[in-house]
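Q: This is run.txt (compact mmCIF, C-alpha atoms).
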```txt
# COMPACT_ATOMS: atom_id res chain seq x y z
CA MET A 114 121.42 82.92 69.28
CA ILE A 115 121.40 84.91 72.53
CA ILE A 116 118.59 87.03 71.10
CA LEU A 117 116.49 83.92 70.51
CA PHE A 118 117.24 82.71 74.03
CA GLY A 119 116.19 86.06 75.47
CA VAL A 120 112.89 86.08 73.59
CA PHE A 121 112.28 82.49 74.69
CA LEU A 122 112.92 83.30 78.37
CA LEU A 123 110.77 86.44 78.29
CA THR A 124 107.87 84.59 76.68
CA LEU A 125 108.13 81.79 79.24
CA MET A 126 108.09 84.42 81.99
CA VAL A 127 104.86 85.96 80.72
CA ILE A 128 103.26 82.51 80.47
CA THR A 129 104.38 81.65 84.03
CA ALA A 130 103.06 84.95 85.38
CA LEU A 131 99.68 84.34 83.72
CA ALA A 132 99.58 80.83 85.20
CA ILE A 133 100.41 82.23 88.66
CA VAL A 134 97.53 84.70 88.54
CA ARG A 135 95.06 82.20 87.08
CA SER A 136 95.83 79.21 89.31
CA GLU A 137 93.32 78.69 92.10
CA SER A 138 95.61 76.64 94.28
CA LEU A 139 97.93 78.98 96.13
CA PHE A 140 100.39 76.13 96.55
CA SER A 141 100.93 75.81 92.80
CA ALA A 142 101.03 79.60 92.50
CA VAL A 143 103.93 79.71 94.97
CA ILE A 144 105.83 76.93 93.22
CA LEU A 145 105.28 78.73 89.90
CA THR A 146 106.73 81.91 91.47
CA ALA A 147 109.92 79.95 92.16
CA ILE A 148 110.09 79.01 88.46
CA PHE A 149 109.35 82.62 87.54
CA SER A 150 112.27 83.79 89.69
CA LEU A 151 114.61 81.25 88.14
CA LEU A 152 113.66 82.44 84.63
CA MET A 153 114.14 86.01 85.80
CA ALA A 154 117.61 85.11 87.12
CA ALA A 155 118.56 83.57 83.76
CA ASN A 156 117.34 86.73 82.07
CA PHE A 157 119.41 88.96 84.37
CA PHE A 158 122.41 86.84 83.49
CA LEU A 159 121.81 87.39 79.77
CA LEU A 160 121.69 91.12 80.47
CA ASP A 161 125.19 91.05 82.03
CA ALA A 162 123.97 91.34 85.61
CA ALA A 163 125.76 88.37 87.19
CA ASP A 164 125.48 89.67 90.76
CA VAL A 165 121.78 90.37 90.41
CA ALA A 166 121.17 86.94 88.85
CA LEU A 167 122.88 85.28 91.81
CA THR A 168 120.76 87.28 94.27
CA GLU A 169 117.51 86.58 92.43
CA ALA A 170 118.24 82.85 92.25
CA ALA A 171 119.12 82.61 95.95
CA ILE A 172 116.33 84.82 97.22
CA GLY A 173 113.50 84.63 94.69
CA ALA A 174 113.66 80.94 93.95
CA GLY A 175 114.91 79.84 97.37
CA ILE A 176 114.06 81.84 100.48
CA SER A 177 110.93 83.54 99.16
CA THR A 178 109.34 80.20 98.25
CA VAL A 179 110.04 78.85 101.73
CA LEU A 180 108.51 81.93 103.38
CA PHE A 181 105.39 81.83 101.19
CA LEU A 182 104.95 78.12 101.93
CA GLY A 183 105.44 78.82 105.63
CA ALA A 184 102.68 81.43 105.48
CA LEU A 185 100.43 79.09 103.44
CA ALA A 186 100.75 76.43 106.13
CA LEU A 187 99.22 78.96 108.54
CA THR A 188 96.52 80.39 106.28
CA GLY A 189 95.30 77.57 104.04
CA GLU A 190 96.25 76.95 100.45
CA HIS A 191 92.98 77.42 98.56
CA GLU A 192 91.67 80.61 97.18
CA SER A 193 87.92 80.56 97.76
CA GLY A 194 86.70 83.94 96.58
CA LYS A 195 86.10 84.85 92.96
CA SER A 196 87.48 88.06 91.59
CA LYS A 197 85.23 91.03 92.08
CA ASN A 198 84.85 93.66 89.36
CA ARG A 199 86.86 91.49 87.03
CA LEU A 200 85.95 93.34 83.85
CA LEU A 201 86.70 96.74 85.35
CA ALA A 202 90.11 95.50 86.54
CA LEU A 203 90.85 93.95 83.15
CA GLY A 204 89.89 97.20 81.46
CA VAL A 205 92.15 99.31 83.69
CA VAL A 206 95.03 96.87 83.21
CA THR A 207 94.66 96.70 79.42
CA VAL A 208 94.52 100.47 79.00
CA THR A 209 97.56 100.96 81.23
CA THR A 210 99.50 98.25 79.36
CA LEU A 211 98.78 99.98 76.05
CA ILE A 212 99.86 103.35 77.41
CA VAL A 213 103.12 101.92 78.81
CA ILE A 214 103.79 100.08 75.53
CA TYR A 215 103.16 103.32 73.62
CA ALA A 216 105.68 105.01 75.89
CA THR A 217 108.35 102.36 75.13
CA PHE A 218 108.64 103.63 71.52
CA ASP A 219 110.35 106.72 72.93
CA LYS A 220 112.86 104.76 74.99
CA PRO A 221 116.47 104.36 73.83
CA ARG A 222 117.00 101.03 72.10
CA LEU A 223 118.37 98.09 74.13
CA GLY A 224 122.13 98.30 74.63
CA ASP A 225 122.50 101.80 73.21
CA PRO A 226 125.79 103.11 74.66
CA GLU A 227 124.53 106.68 74.12
CA ALA A 228 121.44 106.18 76.31
CA PRO A 229 121.05 108.82 79.06
CA VAL A 230 121.46 106.19 81.79
CA HIS A 231 125.10 105.62 80.71
CA GLN A 232 126.01 109.31 80.59
CA HIS A 233 126.13 110.25 84.26
CA VAL A 234 127.68 108.61 87.31
CA GLY A 235 127.60 105.06 85.91
CA ALA A 236 130.45 105.76 83.51
CA TRP A 237 132.35 107.63 86.21
CA TYR A 238 132.11 104.64 88.58
CA LEU A 239 133.45 102.29 85.90
CA GLU A 240 136.32 104.66 85.12
CA LYS A 241 137.34 105.40 88.71
CA THR A 242 136.96 101.93 90.29
CA PRO A 243 140.43 100.64 89.25
CA GLU A 244 142.11 103.85 90.35
CA LEU A 245 140.33 104.57 93.67
CA ILE A 246 139.33 101.12 94.92
CA ASP A 247 141.23 98.66 92.76
CA ILE A 248 138.96 95.64 92.96
CA PRO A 249 137.78 93.84 89.83
CA ASN A 250 134.06 93.71 90.64
CA SER A 251 132.79 97.24 90.12
CA VAL A 252 129.32 96.28 91.37
CA THR A 253 130.82 95.55 94.79
CA ALA A 254 132.85 98.78 94.61
CA VAL A 255 129.74 100.87 93.92
CA LEU A 256 127.68 98.96 96.48
CA GLY A 257 130.22 99.05 99.28
CA SER A 258 132.13 102.25 98.80
CA PHE A 259 130.75 104.79 96.31
CA ARG A 260 127.18 104.27 97.46
CA GLY A 261 127.89 102.98 100.96
CA TYR A 262 125.19 105.26 102.42
CA ASP A 263 122.49 103.66 100.27
CA THR A 264 123.59 100.19 101.25
CA LEU A 265 123.64 101.14 104.94
CA GLY A 266 120.06 102.35 104.50
CA GLU A 267 119.06 99.09 102.79
CA VAL A 268 120.61 97.06 105.62
CA PHE A 269 118.55 99.03 108.11
CA VAL A 270 115.40 98.42 106.06
CA VAL A 271 116.12 94.67 106.14
CA PHE A 272 116.83 94.94 109.88
CA THR A 273 113.57 96.85 110.49
CA ALA A 274 111.53 94.38 108.46
CA GLY A 275 113.02 91.50 110.47
CA ILE A 276 112.17 93.23 113.75
CA GLY A 277 108.67 93.91 112.39
CA VAL A 278 108.05 90.25 111.58
CA LEU A 279 109.28 89.17 115.02
CA PHE A 280 107.07 91.84 116.59
CA LEU A 281 103.99 90.70 114.65
CA LEU A 282 104.44 86.98 115.09
CA SER A 283 105.83 86.58 118.58
CA ALA A 284 102.72 88.04 120.24
CA ARG A 285 100.44 85.25 121.45
CA PRO A 286 97.01 85.28 119.83
CA ILE A 287 94.31 86.45 122.23
CA ALA A 288 91.68 83.98 121.13
CA ARG A 289 92.27 81.28 118.59
CA PRO A 290 89.54 81.32 115.91
CA LYS A 291 87.45 78.17 115.96
CA ASN A 292 87.76 77.44 112.26
CA ALA A 293 91.52 77.85 112.09
CA ALA A 294 93.51 74.99 110.65
CA PRO A 295 94.71 72.56 113.32
CA ALA A 296 98.31 73.14 114.36
CA ALA A 297 100.82 71.15 112.39
CA GLU A 298 102.50 68.13 113.92
CA PRO A 299 105.50 69.17 115.98
CA GLY A 300 108.39 69.54 113.57
CA GLN A 301 109.79 66.17 112.76
CA GLY A 302 111.09 67.42 109.45
CA LEU A 303 111.76 64.84 106.80
CA ARG A 304 113.53 62.55 109.23
CA HIS A 305 111.67 59.48 108.02
CA TYR A 306 112.43 60.04 104.36
CA LEU A 307 115.81 58.48 103.80
CA VAL A 308 116.79 59.78 100.36
CA PRO A 309 116.10 63.53 100.86
CA ARG A 310 117.70 63.31 104.29
CA ILE A 311 120.97 61.72 103.14
CA VAL A 312 121.26 63.88 100.02
CA GLY A 313 120.37 67.00 101.98
CA ARG A 314 122.92 66.30 104.71
CA LEU A 315 125.59 65.77 102.06
CA LEU A 316 124.72 69.10 100.43
CA ILE A 317 124.57 71.32 103.52
CA PRO A 318 128.35 71.65 104.13
CA PHE A 319 128.91 72.50 100.48
CA ILE A 320 126.15 75.12 100.52
CA PHE A 321 127.87 76.66 103.57
CA LEU A 322 131.23 76.60 101.84
CA PHE A 323 129.72 78.19 98.73
CA GLY A 324 128.08 80.84 100.91
CA LEU A 325 131.42 81.72 102.50
CA TYR A 326 133.08 81.79 99.07
CA VAL A 327 130.41 84.16 97.75
CA GLN A 328 130.83 86.32 100.86
CA PHE A 329 134.60 86.72 100.75
CA HIS A 330 135.10 86.51 96.99
CA GLY A 331 132.62 89.31 96.31
CA ASP A 332 135.46 91.74 95.53
CA TYR A 333 136.71 89.60 92.68
CA GLY A 334 133.69 87.87 91.23
CA PRO A 335 129.91 87.99 91.45
CA GLY A 336 128.91 87.89 95.08
CA GLY A 337 128.86 89.80 98.32
CA GLY A 338 127.03 90.01 101.60
CA PHE A 339 123.45 90.05 100.29
CA GLN A 340 123.86 86.89 98.23
CA ALA A 341 126.00 85.09 100.83
CA GLY A 342 123.50 85.87 103.57
CA ALA A 343 120.69 84.31 101.54
CA ILE A 344 122.77 81.23 100.67
CA ILE A 345 123.89 80.58 104.25
CA ALA A 346 120.35 81.11 105.52
CA SER A 347 119.06 78.61 102.96
CA ALA A 348 121.60 76.02 104.20
CA VAL A 349 120.24 76.37 107.74
CA ILE A 350 116.64 76.31 106.47
CA LEU A 351 117.40 73.10 104.56
CA TYR A 352 118.75 71.62 107.79
CA ALA A 353 115.57 72.68 109.59
CA LEU A 354 113.39 71.09 106.90
CA LEU A 355 115.33 67.83 107.06
CA GLU A 356 115.86 67.45 110.79
CA GLY A 357 112.97 69.39 112.23
CA GLU A 358 112.94 72.99 113.37
CA ALA A 359 113.82 72.20 116.99
CA GLN A 360 117.07 70.62 115.88
CA ALA A 361 117.96 73.68 113.79
CA LEU A 362 117.22 75.94 116.76
CA ARG A 363 119.59 73.82 118.82
CA ALA A 364 122.33 74.32 116.22
CA VAL A 365 121.70 78.08 115.80
CA PRO A 366 119.61 79.23 118.78
CA MET A 367 117.31 82.24 118.66
CA SER A 368 119.52 84.14 121.11
CA VAL A 369 122.41 83.92 118.61
CA LEU A 370 120.13 84.94 115.73
CA LYS A 371 119.02 88.09 117.56
CA TRP A 372 122.64 89.09 117.97
CA LEU A 373 123.28 88.40 114.29
CA VAL A 374 120.35 90.61 113.21
CA ALA A 375 121.61 93.59 115.20
CA GLY A 376 125.33 92.80 115.05
CA GLY A 377 125.68 93.00 111.26
CA ALA A 378 123.99 96.40 111.06
CA LEU A 379 126.11 97.59 114.02
CA LEU A 380 129.31 96.36 112.37
CA TYR A 381 128.42 98.32 109.23
CA GLY A 382 127.70 101.46 111.25
CA ALA A 383 130.84 100.97 113.36
CA VAL A 384 133.03 100.91 110.24
CA GLY A 385 131.52 104.27 109.30
CA VAL A 386 132.16 105.71 112.76
CA ALA A 387 135.71 104.30 112.78
CA GLY A 388 136.34 106.25 109.58
CA MET A 389 135.15 109.42 111.32
CA LEU A 390 137.34 108.78 114.38
CA MET A 391 140.35 108.34 112.14
CA GLY A 392 139.81 111.70 110.53
CA GLY A 393 137.73 110.92 107.46
CA ASN A 394 134.05 111.28 106.62
CA PHE A 395 131.35 108.80 107.67
CA LEU A 396 131.83 105.60 105.62
CA ASP A 397 135.07 106.89 104.08
CA TYR A 398 137.27 103.79 104.15
CA SER A 399 140.41 105.43 102.74
CA VAL A 400 141.57 106.45 106.21
CA LEU A 401 141.28 102.95 107.70
CA ALA A 402 144.84 102.06 106.65
CA SER A 403 147.94 104.07 105.81
CA ASP A 404 147.38 103.33 102.12
CA PRO A 405 143.94 104.57 100.88
CA ILE A 406 143.43 101.59 98.56
CA THR A 407 144.18 99.06 101.32
CA GLY A 408 141.79 101.05 103.51
CA GLN A 409 139.07 100.69 100.87
CA HIS A 410 139.68 96.92 100.69
CA ILE A 411 139.43 96.55 104.48
CA GLY A 412 136.31 98.70 104.63
CA ILE A 413 134.52 96.83 101.86
CA ILE A 414 135.29 93.41 103.35
CA LEU A 415 134.05 94.55 106.78
CA ILE A 416 130.82 96.12 105.58
CA GLU A 417 130.07 93.16 103.29
CA LEU A 418 130.53 90.95 106.35
CA GLY A 419 128.08 93.14 108.25
CA VAL A 420 125.56 92.91 105.41
CA GLY A 421 125.95 89.13 105.25
CA ILE A 422 125.49 88.71 109.01
CA THR A 423 122.34 90.84 109.13
CA VAL A 424 120.76 89.23 106.06
CA THR A 425 121.43 85.71 107.42
CA GLY A 426 120.05 86.66 110.81
CA VAL A 427 116.91 88.36 109.51
CA LEU A 428 116.02 85.60 107.03
CA LEU A 429 116.47 82.88 109.68
CA CYS A 430 114.53 84.84 112.31
CA VAL A 431 111.65 85.30 109.86
CA PHE A 432 111.70 81.60 108.96
CA HIS A 433 111.65 80.54 112.63
CA ALA A 434 108.93 83.07 113.43
CA PHE A 435 106.64 81.50 110.79
CA ALA A 436 107.58 77.95 111.79
CA ALA A 437 107.03 78.60 115.50
CA ARG A 438 103.64 80.21 114.81
CA GLY A 439 102.35 76.94 113.39
CA LYS A 440 102.90 75.20 116.72
CA LEU A 441 100.95 77.59 118.95
CA MET B 143 118.36 93.91 68.22
CA GLU B 144 115.92 96.77 67.68
CA LEU B 145 112.86 94.59 68.01
CA LEU B 146 114.30 92.49 70.84
CA GLY B 147 114.94 95.67 72.82
CA LEU B 148 111.34 96.71 72.41
CA TYR B 149 110.26 93.17 73.29
CA TYR B 150 112.09 93.49 76.64
CA TYR B 151 110.16 96.70 77.37
CA TRP B 152 106.86 95.15 76.29
CA VAL B 153 107.39 92.16 78.56
CA PHE B 154 108.11 94.64 81.33
CA ALA B 155 104.78 96.38 80.67
CA VAL B 156 102.85 93.11 80.46
CA LEU B 157 104.41 91.62 83.63
CA LEU B 158 103.85 94.87 85.50
CA MET B 159 100.16 94.78 84.65
CA ILE B 160 99.75 91.04 85.32
CA GLY B 161 101.05 91.71 88.82
CA PHE B 162 98.86 94.78 89.18
CA TYR B 163 95.80 92.81 88.08
CA ALA B 164 96.42 90.27 90.85
CA VAL B 165 96.71 93.10 93.36
CA ILE B 166 93.45 94.84 92.39
CA ALA B 167 91.23 91.96 91.27
CA LYS B 168 92.12 88.98 93.46
CA PRO B 169 90.42 88.96 96.86
CA ASN B 170 92.94 86.57 98.47
CA LEU B 171 95.61 88.45 100.42
CA ILE B 172 98.41 85.96 99.66
CA LYS B 173 97.57 86.20 95.96
CA LYS B 174 97.81 89.97 96.25
CA LEU B 175 101.29 89.65 97.76
CA ILE B 176 102.35 87.28 94.95
CA GLY B 177 101.01 89.85 92.47
CA LEU B 178 103.04 92.52 94.22
CA SER B 179 106.22 90.41 93.82
CA ILE B 180 105.54 90.02 90.08
CA PHE B 181 105.03 93.78 89.83
CA GLN B 182 108.31 94.30 91.66
CA ALA B 183 110.14 91.77 89.44
CA ALA B 184 108.93 93.66 86.36
CA VAL B 185 110.49 96.87 87.66
CA PHE B 186 113.75 95.00 88.32
CA LEU B 187 113.69 93.75 84.73
CA LEU B 188 113.27 97.30 83.41
CA TYR B 189 116.25 98.60 85.39
CA ILE B 190 118.54 95.74 84.38
CA THR B 191 117.46 96.08 80.74
CA MET B 192 118.43 99.75 80.81
CA GLY B 193 121.87 98.98 82.25
CA LYS B 194 122.83 96.70 79.35
CA VAL B 195 125.41 98.00 76.87
CA GLU B 196 125.56 96.33 73.47
CA GLY B 197 128.68 94.18 73.15
CA GLY B 198 129.52 94.80 76.80
CA THR B 199 130.03 92.21 79.49
CA ALA B 200 129.32 91.93 83.21
CA PRO B 201 131.01 94.84 85.06
CA ILE B 202 133.81 92.73 86.55
CA PHE B 203 137.15 93.93 85.25
CA GLN B 204 139.31 91.47 83.36
CA ASP B 205 142.19 91.72 80.93
CA GLY B 206 141.36 92.18 77.29
CA VAL B 207 137.86 93.54 77.85
CA SER B 208 137.15 97.24 77.58
CA LEU B 209 133.36 97.49 77.33
CA TYR B 210 131.26 96.82 80.41
CA SER B 211 127.58 97.19 81.19
CA ASN B 212 126.49 99.89 83.62
CA PRO B 213 127.02 98.72 87.24
CA LEU B 214 124.73 101.30 88.85
CA PRO B 215 121.29 99.82 87.97
CA GLN B 216 122.64 96.42 89.03
CA VAL B 217 123.63 97.73 92.47
CA LEU B 218 120.23 99.35 92.95
CA ILE B 219 118.36 96.19 91.98
CA LEU B 220 120.61 93.83 93.94
CA THR B 221 119.77 95.60 97.18
CA ALA B 222 116.14 96.07 96.12
CA ILE B 223 115.70 92.30 95.77
CA VAL B 224 116.83 91.72 99.35
CA VAL B 225 114.74 94.60 100.67
CA GLY B 226 111.82 93.22 98.60
CA ILE B 227 111.92 89.83 100.30
CA SER B 228 112.12 91.48 103.74
CA THR B 229 109.06 93.62 103.08
CA THR B 230 107.22 90.63 101.57
CA ALA B 231 107.99 88.70 104.76
CA LEU B 232 106.53 91.58 106.77
CA GLY B 233 103.42 91.48 104.56
CA LEU B 234 103.11 87.72 105.08
CA GLY B 235 103.42 88.27 108.83
CA ILE B 236 100.52 90.72 108.71
CA VAL B 237 98.46 88.26 106.62
CA VAL B 238 99.09 85.50 109.17
CA ARG B 239 97.91 87.80 111.99
CA ILE B 240 94.79 88.75 109.95
CA LYS B 241 94.02 85.07 109.48
CA GLU B 242 94.31 84.52 113.22
CA GLU B 243 92.02 87.42 114.11
CA TYR B 244 89.44 87.13 111.31
CA GLY B 245 89.65 83.45 110.41
CA SER B 246 89.96 84.32 106.74
CA ILE B 247 92.28 85.97 104.24
CA GLU B 248 89.61 86.73 101.64
CA GLU B 249 89.05 90.45 101.31
CA HIS B 250 85.23 90.41 101.23
CA GLU B 251 84.94 88.05 104.22
CA ILE B 252 87.20 90.35 106.23
CA GLN B 253 85.07 93.35 105.23
CA ASP B 254 81.87 91.47 106.16
CA ARG B 255 83.26 90.75 109.61
CA ASP B 256 84.25 94.37 110.05
CA ARG B 257 80.72 95.51 109.22
CA GLN B 258 79.13 93.22 111.81
```
Let's see the structure in the file written out as structure tokens.
A:
Amino acid sequence: MIILFGVFLLTLMVITALAIVRSESLFSAVILTAIFSLLMAANFFLLDAADVALTEAAIGAGISTVLFLGALALTGEHESGKSKNRLLALGVVTVTTLIVIYATFDKPRLGDPEAPVHQHVGAWYLEKTPELIDIPNSVTAVLGSFRGYDTLGEVFVVFTAGIGVLFLLSARPIARPKNAAPAAEPGQGLRHYLVPRIVGRLLIPFIFLFGLYVQFHGDYGPGGGFQAGAIIASAVILYALLEGEAQALRAVPMSVLKWLVAGGALLYGAVGVAGMLMGGNFLDYSVLASDPITGQHIGIILIELGVGITVTGVLLCVFHAFAARGKL
Amino acid sequence: MELLGLYYYWVFAVLLMIGFYAVIAKPNLIKKLIGLSIFQAAVFLLYITMGKVEGGTAPIFQDGVSLYSNPLPQVLILTAIVVGISTTALGLGIVVRIKEEYGSIEEHEIQDRDRQ
């Protein structure tokens, strides 16, 4: 039964991807990407990746759609040009697909416990998590503790990308092109539409609560800072869409957001430095408390909090940067 | 199971190339970015497919379960998704600036203006 479901989802995904590439309206392409992400999330769930499915659903289907639509509002939603060198591109793509498909015959079969990928550190992480870190969710244990360096790096990439977007979009344009789309009406949001407004306002507190649950329950179930950051950011974005962007900026002003962007990454780094000051290595949480396992728990909760703060801050800054650009 | 496993890899190959086609053949910059996200999603699918263990469950420990899927590919992809959206946002920011300077986001129109 699950096999059938998997084949069904995969086929739907290919159809959606074809529709995305073929559609001439960028607006429908973006909405189809949201559907594509949701199918992808369902697929991840079938493949036992609950944490990844949660992230893909929150980010791919939620935030990414909003950002693409924000960009479309500034650039126009119709694709005018026809593909150039279409046959050449199709030829290259077909040949490459066939080569990759030929290569798949050499790959270990799906779910093979003897596959090389399960022979190295992956198995070690699963075996050592209960003993060294003692939290049920081994994805969080690997993310926060065993591979804390990687995650710190990822947080800084997110941080840098956020700074980059602010840098690109907060500069005033030198001369506005004549044929540019007229600036959108100042953000009134959906204030005049009663049903979305009431339903949305009812939902926002629960989305917040769910975000906090995902943040602080990440040790025990699917969740953690990356997912929680996206969920909390989407609650604020929903508020901005309903009540207008100015109102959302009054609730969470830009000055606070800037501190969030930097503060989360700093908190993560500070936990690492605290470990060094207390006699351990950088990002070694065992020394944070008298008992190594309690130290690991404290460290993981703190760095997940840092991740969540930075992700929320960056996503909201990017959203506001696009929204504010439309009003120039 | 044998054929389904191969089907997962084939879908990976097909999605990868659908995304790549959009990147090389479509002149619209936003369409290129959408193609890039499909390309990226295909790679995510490959990693997660490889992490699956037959008969295993999600790597969250619970009583009475002894077989779990590999957590490592999941960790890599989880962070990659968030990094992916940040870099896509950066790309969209650049596209918006190009639109402001050139008045267009179609590749050939931008090239024409550069040649003037």
Q: Mind pulling up the distance from CA of Val225 (chain B) to CA of Leu151 (chain A)?
A: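 Atom-to-atom, CA of Leu151 (chain A) to CA of Val225 (chain B), that is 18.3 Å.
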Q: Identify which of the residues B:Gly233, B:Ala164, B:Leu209, B:Val217 lies closest to Glu196 (chain B), counting all atoms listed in the file when measuring atom-to-atom distances.
A: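 Looking at the shortest contact to Glu196 (chain B), the residue is B:Leu209.
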Q: For the interface of chain B with chain A (cut-off 7 Å, counting all atoms listed in the file), please tabulate each contacting residue of chain B alongside its nearest pair of atoms and their separation in Å to one decimal, rows sorted by chain and increasing number, as a Markdown table.
A:
```
| residue | atom | partner | partner_atom | distance |
| --- | --- | --- | --- | --- |
| B:Glu144 | CA | A:Arg222 | CA | 6.2 |
| B:Leu146 | CA | A:Ile116 | CA | 6.9 |
| B:Gly147 | CA | A:Leu223 | CA | 4.4 |
| B:Leu148 | CA | A:Thr217 | CA | 6.9 |
| B:Tyr151 | CA | A:Thr217 | CA | 6.4 |
| B:Trp152 | CA | A:Ile214 | CA | 5.9 |
| B:Val153 | CA | A:Leu123 | CA | 6.6 |
| B:Ala155 | CA | A:Thr210 | CA | 5.8 |
| B:Val156 | CA | A:Thr210 | CA | 6.2 |
| B:Leu157 | CA | A:Val127 | CA | 6.4 |
| B:Met159 | CA | A:Val206 | CA | 5.7 |
| B:Ile160 | CA | A:Leu131 | CA | 6.9 |
| B:Tyr163 | CA | A:Val206 | CA | 6.4 |
| B:Ala164 | CA | A:Val134 | CA | 6.1 |
| B:Ile166 | CA | A:Ala202 | CA | 6.8 |
| B:Ala167 | CA | A:Ser196 | CA | 5.4 |
| B:Lys168 | CA | A:Ser196 | CA | 5.1 |
| B:Pro169 | CA | A:Ser196 | CA | 6.1 |
| B:Asn170 | CA | A:Glu192 | CA | 6.2 |
| B:Ile190 | CA | A:Leu160 | CA | 6.8 |
| B:Thr191 | CA | A:Leu160 | CA | 6.5 |
| B:Met192 | CA | A:Leu223 | CA | 6.9 |
| B:Lys194 | CA | A:Gly224 | CA | 5.0 |
| B:Val195 | CA | A:Gly224 | CA | 4.0 |
| B:Glu196 | CA | A:Gly224 | CA | 4.1 |
| B:Thr199 | CA | A:Asp161 | CA | 5.6 |
| B:Ala200 | CA | A:Asp161 | CA | 4.4 |
| B:Pro201 | CA | A:Ser251 | CA | 5.9 |
| B:Ile202 | CA | A:Asn250 | CA | 4.2 |
| B:Phe203 | CA | A:Pro249 | CA | 4.6 |
| B:Ser211 | CA | A:Asp161 | CA | 6.6 |
| B:Asn212 | CA | A:Gly235 | CA | 5.8 |
| B:Pro213 | CA | A:Val252 | CA | 5.3 |
| B:Leu214 | CA | A:Gly235 | CA | 5.6 |
| B:Gln216 | CA | A:Val165 | CA | 6.3 |
| B:Val217 | CA | A:Leu256 | CA | 5.8 |
| B:Ile219 | CA | A:Val165 | CA | 6.9 |
| B:Leu220 | CA | A:Val165 | CA | 5.1 |
| B:Thr221 | CA | A:Glu267 | CA | 6.6 |
| B:Ile223 | CA | A:Glu169 | CA | 6.9 |
| B:Val224 | CA | A:Phe339 | CA | 6.9 |
| B:Val225 | CA | A:Val271 | CA | 5.6 |
| B:Ile227 | CA | A:Ser177 | CA | 6.5 |
| B:Ser228 | CA | A:Ala274 | CA | 5.6 |
| B:Thr229 | CA | A:Ala274 | CA | 6.0 |
| B:Ala231 | CA | A:Leu180 | CA | 6.9 |
| B:Leu232 | CA | A:Val278 | CA | 5.2 |
| B:Leu234 | CA | A:Ala184 | CA | 6.3 |
| B:Gly235 | CA | A:Val278 | CA | 5.7 |
| B:Ile236 | CA | A:Leu281 | CA | 6.9 |
| B:Val238 | CA | A:Thr188 | CA | 6.4 |
| B:Lys241 | CA | A:Thr188 | CA | 6.2 |
| B:Glu242 | CA | A:Pro290 | CA | 6.3 |
| B:Glu243 | CA | A:Pro290 | CA | 6.8 |
| B:Gly245 | CA | A:Pro290 | CA | 5.9 |
| B:Glu248 | CA | A:Gly194 | CA | 6.5 |
```
Q: Using the selection just defined, write its residues with C-alpha atoms as a short mmCIF file (atom, residue, chain, number, x, y, z; two decimals), in the coordinates of the input.
A:
```cif
data_model
loop_
_atom_site.label_atom_id
_atom_site.label_comp_id
_atom_site.auth_asym_id
_atom_site.auth_seq_id
_atom_site.Cartn_x
_atom_site.Cartn_y
_atom_site.Cartn_z
CA GLU B 144 115.92 96.77 67.68
CA LEU B 146 114.30 92.49 70.84
CA GLY B 147 114.94 95.67 72.82
CA LEU B 148 111.34 96.71 72.41
CA TYR B 151 110.16 96.70 77.37
CA TRP B 152 106.86 95.15 76.29
CA VAL B 153 107.39 92.16 78.56
CA ALA B 155 104.78 96.38 80.67
CA VAL B 156 102.85 93.11 80.46
CA LEU B 157 104.41 91.62 83.63
CA MET B 159 100.16 94.78 84.65
CA ILE B 160 99.75 91.04 85.32
CA TYR B 163 95.80 92.81 88.08
CA ALA B 164 96.42 90.27 90.85
CA ILE B 166 93.45 94.84 92.39
CA ALA B 167 91.23 91.96 91.27
CA LYS B 168 92.12 88.98 93.46
CA PRO B 169 90.42 88.96 96.86
CA ASN B 170 92.94 86.57 98.47
CA ILE B 190 118.54 95.74 84.38
CA THR B 191 117.46 96.08 80.74
CA MET B 192 118.43 99.75 80.81
CA LYS B 194 122.83 96.70 79.35
CA VAL B 195 125.41 98.00 76.87
CA GLU B 196 125.56 96.33 73.47
CA THR B 199 130.03 92.21 79.49
CA ALA B 200 129.32 91.93 83.21
CA PRO B 201 131.01 94.84 85.06
CA ILE B 202 133.81 92.73 86.55
CA PHE B 203 137.15 93.93 85.25
CA SER B 211 127.58 97.19 81.19
CA ASN B 212 126.49 99.89 83.62
CA PRO B 213 127.02 98.72 87.24
CA LEU B 214 124.73 101.30 88.85
CA GLN B 216 122.64 96.42 89.03
CA VAL B 217 123.63 97.73 92.47
CA ILE B 219 118.36 96.19 91.98
CA LEU B 220 120.61 93.83 93.94
CA THR B 221 119.77 95.60 97.18
CA ILE B 223 115.70 92.30 95.77
CA VAL B 224 116.83 91.72 99.35
CA VAL B 225 114.74 94.60 100.67
CA ILE B 227 111.92 89.83 100.30
CA SER B 228 112.12 91.48 103.74
CA THR B 229 109.06 93.62 103.08
CA ALA B 231 107.99 88.70 104.76
CA LEU B 232 106.53 91.58 106.77
CA LEU B 234 103.11 87.72 105.08
CA GLY B 235 103.42 88.27 108.83
CA ILE B 236 100.52 90.72 108.71
CA VAL B 238 99.09 85.50 109.17
CA LYS B 241 94.02 85.07 109.48
CA GLU B 242 94.31 84.52 113.22
CA GLU B 243 92.02 87.42 114.11
CA GLY B 245 89.65 83.45 110.41
CA GLU B 248 89.61 86.73 101.64
#
```
Q: Grab the CA of Ala147 (chain A) to CA of Thr178 (chain A) distance for me, in Å with one decimal place.
A: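 Interatomic distance here is 6.1 Å.
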Q: For Thr230 (chain B), which residue out of B:Val185, B:Ile172, B:Ile247, B:Ile252 is the nearest one, using all atoms listed in the file?
A: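 Among B:Val185, B:Ile172, B:Ile247, B:Ile252, it is B:Ile172 that comes nearest to Thr230 (chain B).
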